[in-house]
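Colleague: Following this message is one structure expressed as structure tokens.
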Amino acid sequence: MAAGDTERMAEGASAKPVSTGAPSPATGEAHITIRGLSKAFGEAAIYDGFDLDIPRGRFVSVFGPNGCGKSTLINLVAGLLEPDAGTIRFGGKRLRDTNFGYVFQNYREALFPWMRSIDNIRYPLKFRNIPRSERSERVERLVDRLGVTLDLAKYPYQLSGGQQQLVSIMRSLVIEPEVLFLDEPFSALDYEMTLFMRDQLQALFMDTRTTMVFVSHDLEEAVYLADDVMLLSRGPAEIADYVTVGIPRPRTAATISQGEFVSVKAHCLDVFQRTVRDA
Amino acid sequence: MDRFGPFTPLIGVVGLLVIWQFAFWVEVVDRVLLPSPGAMFAAVWHGMTGGQLLIDFFRTIERTSLSILYAGIIGIPLGIALGSSVPVYRSVEFVVDFFRSTPASAVFPLFLAISGPGDATKIQVATFGASLVILFNVAYGVMNARKTRLQAAQVMGASRLRVLTDVMLFESLPQTFVGLRNGVSLALIIVIVAEMFIGSIDGLGHNVLDNQMLFEMPRMYAAIFVAGALGYGFNLLFLLIERRYVHWSGR
Ligand SMILES: Nc1ncnc2c1ncn2[C@@H]1O[C@H](COP(=O)(O)OP(=O)(O)OP(=O)(O)O)[C@@H](O)[C@H]1O
Ligand SMILES: [Mg+2]
């Protein structure tokens with residue numbers, strides 16, 4: 001991959017992808033800087049000299065075909081996978097000096113069923129220098145802020161899927177992360193719950209302006225939540241397009257039928273179909 | 001299912017007793033070989049209220065409990081250690097499987113030669129058999145720990161050791177209990193066989209064989225019945241502990 005070809009941006013919803021010199025998105029200072037990232041599983045190169053800047057305080061949705069490497073990207077950035085080559089920096093810091101949260105797709109296998117929900121949420125605080133008394137306060141504050149009415153004394157398996165994912169999100173938030181990774185967090189929920197959770201997440205983002213990297217299989221959801229939509233192509237993954245969504249927040253059900261939303265989504269779909277067909 | 005309410009499980013019991021009593025009446029086999037259920041229960045009552053049967057019962061409990069205790073102390077940590085590294089487990093898998101498949105009775109003479117005909121030998125052989133069963137199950141429980149859970153702990157900042165103690169250990173608990181239940185059944189079998197043949201003076205195995213040789217059939221049946229009840233009781237005990245402390249199992 002040529003260095004100048006690594007990042008493309010769209011000026012607007014209908015603009016064609018344009019190659020730019022530097023891999024920096026339209027706005028703001030970079031929070032996560034990825035340079036020359038390479039990762040292969042056996043023969044298959046998933047990333048090969050991949051560059052990306054994720055801007056601070058923005059909501060970035062990652063969208064792409066199955067198996068293109070969306071989860072791999074998050075796992076590399078979150079330190080669950082070792083890159084073969086390349087660097088990943090968080091505003092100049094390394095991962096271990098960064099407070100980040102990770103929400104898994106499969107909440108059933110991500111929560112600890114032997115702990116009550118409240119203890120699940122409190123668990124990551126054990127690894128930070130936070131006095132015991134403050135730990136409970138933190139959880140309480142979080143509960144208040146989210147307006148959660150769940151009975152947190154219950155075990156995860158006593159909750160519905162949406163409630164479990166909510167607990168899982170709370171667990172990632174309790175450390176007050178500067179970056180939050182979400183890998184298809186709502187894909188196992190039913191439609192009603194998904195709509196509710198989307199709005200919870202949007203409210204949370206508006207409230208905290210935490211940098212969010214959100215992988216989704218649902219283009220509507222990806223666009224609805226995003227400041228930027230990153231469209232990935234396959235083998236090895238490249239940024240097919242980087243689309244800025246300028247629709248003001250809070251976005252609502254009405255947003256989905258608005259002209260701008262519809263045209264951004266149509267553009268993304270068009271890029272997606274072209275890259276998938278090419279691959 | 002619920003047609004007979006809470007008494008459903010008793011139907012089989014009553015049925016068995018009726019058939020037995022009937023077989024006794026029509027003398028399917030010699031009455032000396034097959035006494036009536038009443039005669040057996042009388043022998044149970046007599047033996048368990050201060051008779052030799054009660055002493056033998058406690059001796060067998062003692063040996064089996066010690067065996068399962070030692071087997072757990074050996075099998076659980078070894079299982080965790082071996083299971084937390086798949087390559088390590090693969091390298092010893094054949095050996096574990098081989099000994100697990102070896103009838104424990106076949107190694108009695110070996111242990112006899114080493115430790116003599118005392119109590120220690122019985123407990124050693126039972127511990128040997130049960131610890132392999134436990135080790136095998138614990139290792140599988142650890143190896144099959146849900147990867148997402150381990151990753152979740154890791155991204156939250158848990159060290160390798162904390163991942164082991166906070167996640168792996170709990171993840172393997174349901175399978176550990178499968179190992180403990182199988183292990184205690186095996187330990188009881190081995191202990192009873194050992195009590196029959198290896199220079200014993202007490203224990204349920206000794207009681208069964210002794211009464212058989214004396215042709216005290218009701219007493220022999222009573223000892224068999226108590227041995228069965230003991231096996232059932234051990235299994236039930238572990239099930240109850242599991243339900244209490246591994247409440248998430250299967251959910
Ligand atoms: N641990 C692994 N070992 C071998 N191959 C892997 C591993 N993890 C992922 N892969 C492969 O790498 C590719 C990218 O996987 P990844 O999970 O990142 O895709 P994804 O974009 O998240 O897909 P999906 O949309 O299905 O979630 C896939 O082809 C997958 O088979
Ligand atoms: Mg994925």
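Labels used: A, B, ... for chains in the order of the structure tokens, numbers from 1 for residues in each chain, and numbers from 1 for ligands as shown.
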Provide as JSON, numbers by chain the residues of chain A at most 9 Å from chain B, counting only C-alpha atoms.

Modeller: {"A": [78, 79, 80, 96, 100, 101, 102, 103, 104, 106, 107, 109, 110, 111, 112, 113, 114, 123, 124, 125, 126, 127, 128, 155, 157, 172]}

Colleague: For N, CA and C atoms, I'd like the residues from the last selection saved as a PDB file, in the first residue's frame.

Modeller:
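Okay, selection_6.pdb is ready:
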```
ATOM      1  N   ALA A  78      -6.560  -2.548  21.392  1.00  0.00           N
ATOM      2  CA  ALA A  78      -6.792  -2.776  22.815  1.00  0.00           C
ATOM      3  C   ALA A  78      -5.767  -3.718  23.432  1.00  0.00           C
ATOM      4  N   GLY A  79      -4.807  -4.174  22.635  1.00  0.00           N
ATOM      5  CA  GLY A  79      -3.734  -4.976  23.188  1.00  0.00           C
ATOM      6  C   GLY A  79      -4.065  -6.449  23.372  1.00  0.00           C
ATOM      7  N   LEU A  80      -5.194  -6.900  22.817  1.00  0.00           N
ATOM      8  CA  LEU A  80      -5.516  -8.321  22.925  1.00  0.00           C
ATOM      9  C   LEU A  80      -4.773  -9.131  21.877  1.00  0.00           C
ATOM     10  N   ARG A  96      -0.750   0.921  27.975  1.00  0.00           N
ATOM     11  CA  ARG A  96      -0.872   0.617  29.395  1.00  0.00           C
ATOM     12  C   ARG A  96      -1.010   1.870  30.263  1.00  0.00           C
ATOM     13  N   PHE A 100      -8.892   2.755  29.067  1.00  0.00           N
ATOM     14  CA  PHE A 100      -9.837   2.476  27.987  1.00  0.00           C
ATOM     15  C   PHE A 100     -10.834   1.394  28.391  1.00  0.00           C
ATOM     16  N   GLY A 101     -11.976   1.416  27.731  1.00  0.00           N
ATOM     17  CA  GLY A 101     -13.006   0.413  27.977  1.00  0.00           C
ATOM     18  C   GLY A 101     -13.261  -0.388  26.717  1.00  0.00           C
ATOM     19  N   TYR A 102     -13.751  -1.606  26.909  1.00  0.00           N
ATOM     20  CA  TYR A 102     -13.992  -2.492  25.775  1.00  0.00           C
ATOM     21  C   TYR A 102     -15.320  -3.193  26.030  1.00  0.00           C
ATOM     22  N   VAL A 103     -16.238  -3.061  25.078  1.00  0.00           N
ATOM     23  CA  VAL A 103     -17.525  -3.756  25.201  1.00  0.00           C
ATOM     24  C   VAL A 103     -17.583  -4.844  24.137  1.00  0.00           C
ATOM     25  N   PHE A 104     -17.764  -6.074  24.572  1.00  0.00           N
ATOM     26  CA  PHE A 104     -17.765  -7.209  23.656  1.00  0.00           C
ATOM     27  C   PHE A 104     -19.160  -7.434  23.087  1.00  0.00           C
ATOM     28  N   ASN A 106     -20.465 -10.406  22.621  1.00  0.00           N
ATOM     29  CA  ASN A 106     -21.125 -11.488  23.327  1.00  0.00           C
ATOM     30  C   ASN A 106     -21.113 -11.237  24.836  1.00  0.00           C
ATOM     31  N   TYR A 107     -22.099 -10.464  25.297  1.00  0.00           N
ATOM     32  CA  TYR A 107     -22.146 -10.099  26.721  1.00  0.00           C
ATOM     33  C   TYR A 107     -22.266 -11.327  27.605  1.00  0.00           C
ATOM     34  N   GLU A 109     -20.822 -14.064  27.355  1.00  0.00           N
ATOM     35  CA  GLU A 109     -19.510 -14.658  27.622  1.00  0.00           C
ATOM     36  C   GLU A 109     -18.497 -13.616  28.076  1.00  0.00           C
ATOM     37  N   ALA A 110     -18.938 -12.378  28.232  1.00  0.00           N
ATOM     38  CA  ALA A 110     -17.988 -11.347  28.647  1.00  0.00           C
ATOM     39  C   ALA A 110     -18.179 -11.000  30.122  1.00  0.00           C
ATOM     40  N   LEU A 111     -19.417 -11.110  30.616  1.00  0.00           N
ATOM     41  CA  LEU A 111     -19.655 -10.850  32.036  1.00  0.00           C
ATOM     42  C   LEU A 111     -19.256 -12.083  32.847  1.00  0.00           C
ATOM     43  N   PHE A 112     -19.043 -11.872  34.142  1.00  0.00           N
ATOM     44  CA  PHE A 112     -18.680 -12.983  35.011  1.00  0.00           C
ATOM     45  C   PHE A 112     -19.930 -13.455  35.759  1.00  0.00           C
ATOM     46  N   PRO A 113     -20.446 -14.629  35.403  1.00  0.00           N
ATOM     47  CA  PRO A 113     -21.724 -15.060  35.977  1.00  0.00           C
ATOM     48  C   PRO A 113     -21.634 -15.416  37.461  1.00  0.00           C
ATOM     49  N   TRP A 114     -20.417 -15.555  37.984  1.00  0.00           N
ATOM     50  CA  TRP A 114     -20.285 -15.888  39.402  1.00  0.00           C
ATOM     51  C   TRP A 114     -20.329 -14.642  40.281  1.00  0.00           C
ATOM     52  N   TYR A 123     -15.594  -4.551  39.176  1.00  0.00           N
ATOM     53  CA  TYR A 123     -14.373  -5.346  39.016  1.00  0.00           C
ATOM     54  C   TYR A 123     -13.165  -4.564  38.472  1.00  0.00           C
ATOM     55  N   PRO A 124     -13.301  -3.806  37.372  1.00  0.00           N
ATOM     56  CA  PRO A 124     -12.101  -3.142  36.831  1.00  0.00           C
ATOM     57  C   PRO A 124     -11.484  -2.110  37.779  1.00  0.00           C
ATOM     58  N   LEU A 125     -12.255  -1.659  38.764  1.00  0.00           N
ATOM     59  CA  LEU A 125     -11.708  -0.672  39.709  1.00  0.00           C
ATOM     60  C   LEU A 125     -10.631  -1.284  40.602  1.00  0.00           C
ATOM     61  N   LYS A 126     -10.651  -2.630  40.710  1.00  0.00           N
ATOM     62  CA  LYS A 126      -9.641  -3.325  41.511  1.00  0.00           C
ATOM     63  C   LYS A 126      -8.240  -3.065  40.997  1.00  0.00           C
ATOM     64  N   PHE A 127      -8.150  -2.821  39.701  1.00  0.00           N
ATOM     65  CA  PHE A 127      -6.819  -2.690  39.104  1.00  0.00           C
ATOM     66  C   PHE A 127      -6.393  -1.240  38.987  1.00  0.00           C
ATOM     67  N   ARG A 128      -7.127  -0.381  39.651  1.00  0.00           N
ATOM     68  CA  ARG A 128      -6.751   1.031  39.651  1.00  0.00           C
ATOM     69  C   ARG A 128      -6.621   1.490  41.087  1.00  0.00           C
ATOM     70  N   TYR A 155     -27.643 -11.597  39.555  1.00  0.00           N
ATOM     71  CA  TYR A 155     -26.563 -12.163  38.751  1.00  0.00           C
ATOM     72  C   TYR A 155     -26.869 -11.935  37.276  1.00  0.00           C
ATOM     73  N   TYR A 157     -27.036 -13.768  34.722  1.00  0.00           N
ATOM     74  CA  TYR A 157     -27.947 -14.699  34.046  1.00  0.00           C
ATOM     75  C   TYR A 157     -29.406 -14.495  34.471  1.00  0.00           C
ATOM     76  N   SER A 172     -17.522  -1.092  31.510  1.00  0.00           N
ATOM     77  CA  SER A 172     -16.458  -0.440  30.743  1.00  0.00           C
ATOM     78  C   SER A 172     -16.399   1.062  31.033  1.00  0.00           C
TER      79      SER A 172
END
```

Colleague: Mind checking which residues fall within 8 Å of Val139 in chain A, counting only C-alpha atoms, ignoring those fewer than 5 positions away in the same chain, and posting them as a list in words?

Modeller: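 Counting only C-alpha atoms, the residues come to Ile118, Ile121, Arg122 and Val174 of chain A.
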
Colleague: Record the distance separating CA of Asp227 in chain A and atom 8 (N, counted along the ligand's line) of ligand 1, expressed in Å with one decimal.

Modeller: 27.7 Å

Colleague: Name the residues, by chain letter and number, that sit within 12 Å of ligand 1 using only C-alpha atoms and all ligand atoms, and give them as number ranges by chain.

Modeller: A: 39-47, 62-77, 80-82, 104-106, 182-185, 187, 214-218, 231-238; B: 147

Colleague: Do you have the CA of Glu62 in chain B-CA of Asn207 in chain B distance handy?

Modeller: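 Atom-to-atom, CA of Glu62 in chain B and CA of Asn207 in chain B are spaced 15.3 Å apart.
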
Colleague: Please return as a ChimeraX atom specification: the residues of range 26-173 of chain B that backbone DSSP assigns to helix (DSSP H, G or I).

Modeller: /B:37-48,52-83,86-101,104-115,119-143,147-155,160-173

Colleague: Do you have the CA of Val213 in chain A-CA of Phe181 in chain A distance handy?

Modeller: 4.8 Å

Colleague: What's the 9 Å shell around Asn144 in chain B, counting only C-alpha atoms, without same-chain residues fewer than 4 positions away, as a list in words?

Modeller: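 Using only C-alpha atoms, the neighbours found are Gly83, Ala139, Tyr140, Glu171 and Ser172 of chain B.
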
Colleague: Going by DSSP on the backbone, which residues of range 36-276 of chain A come out as strand (DSSP E or B)? List them as a PyMOL selection string.

Modeller: chain A and resi 36-41+44-55+59-63+85-90+93+100-103+179-183+211-215+228-232+239-244
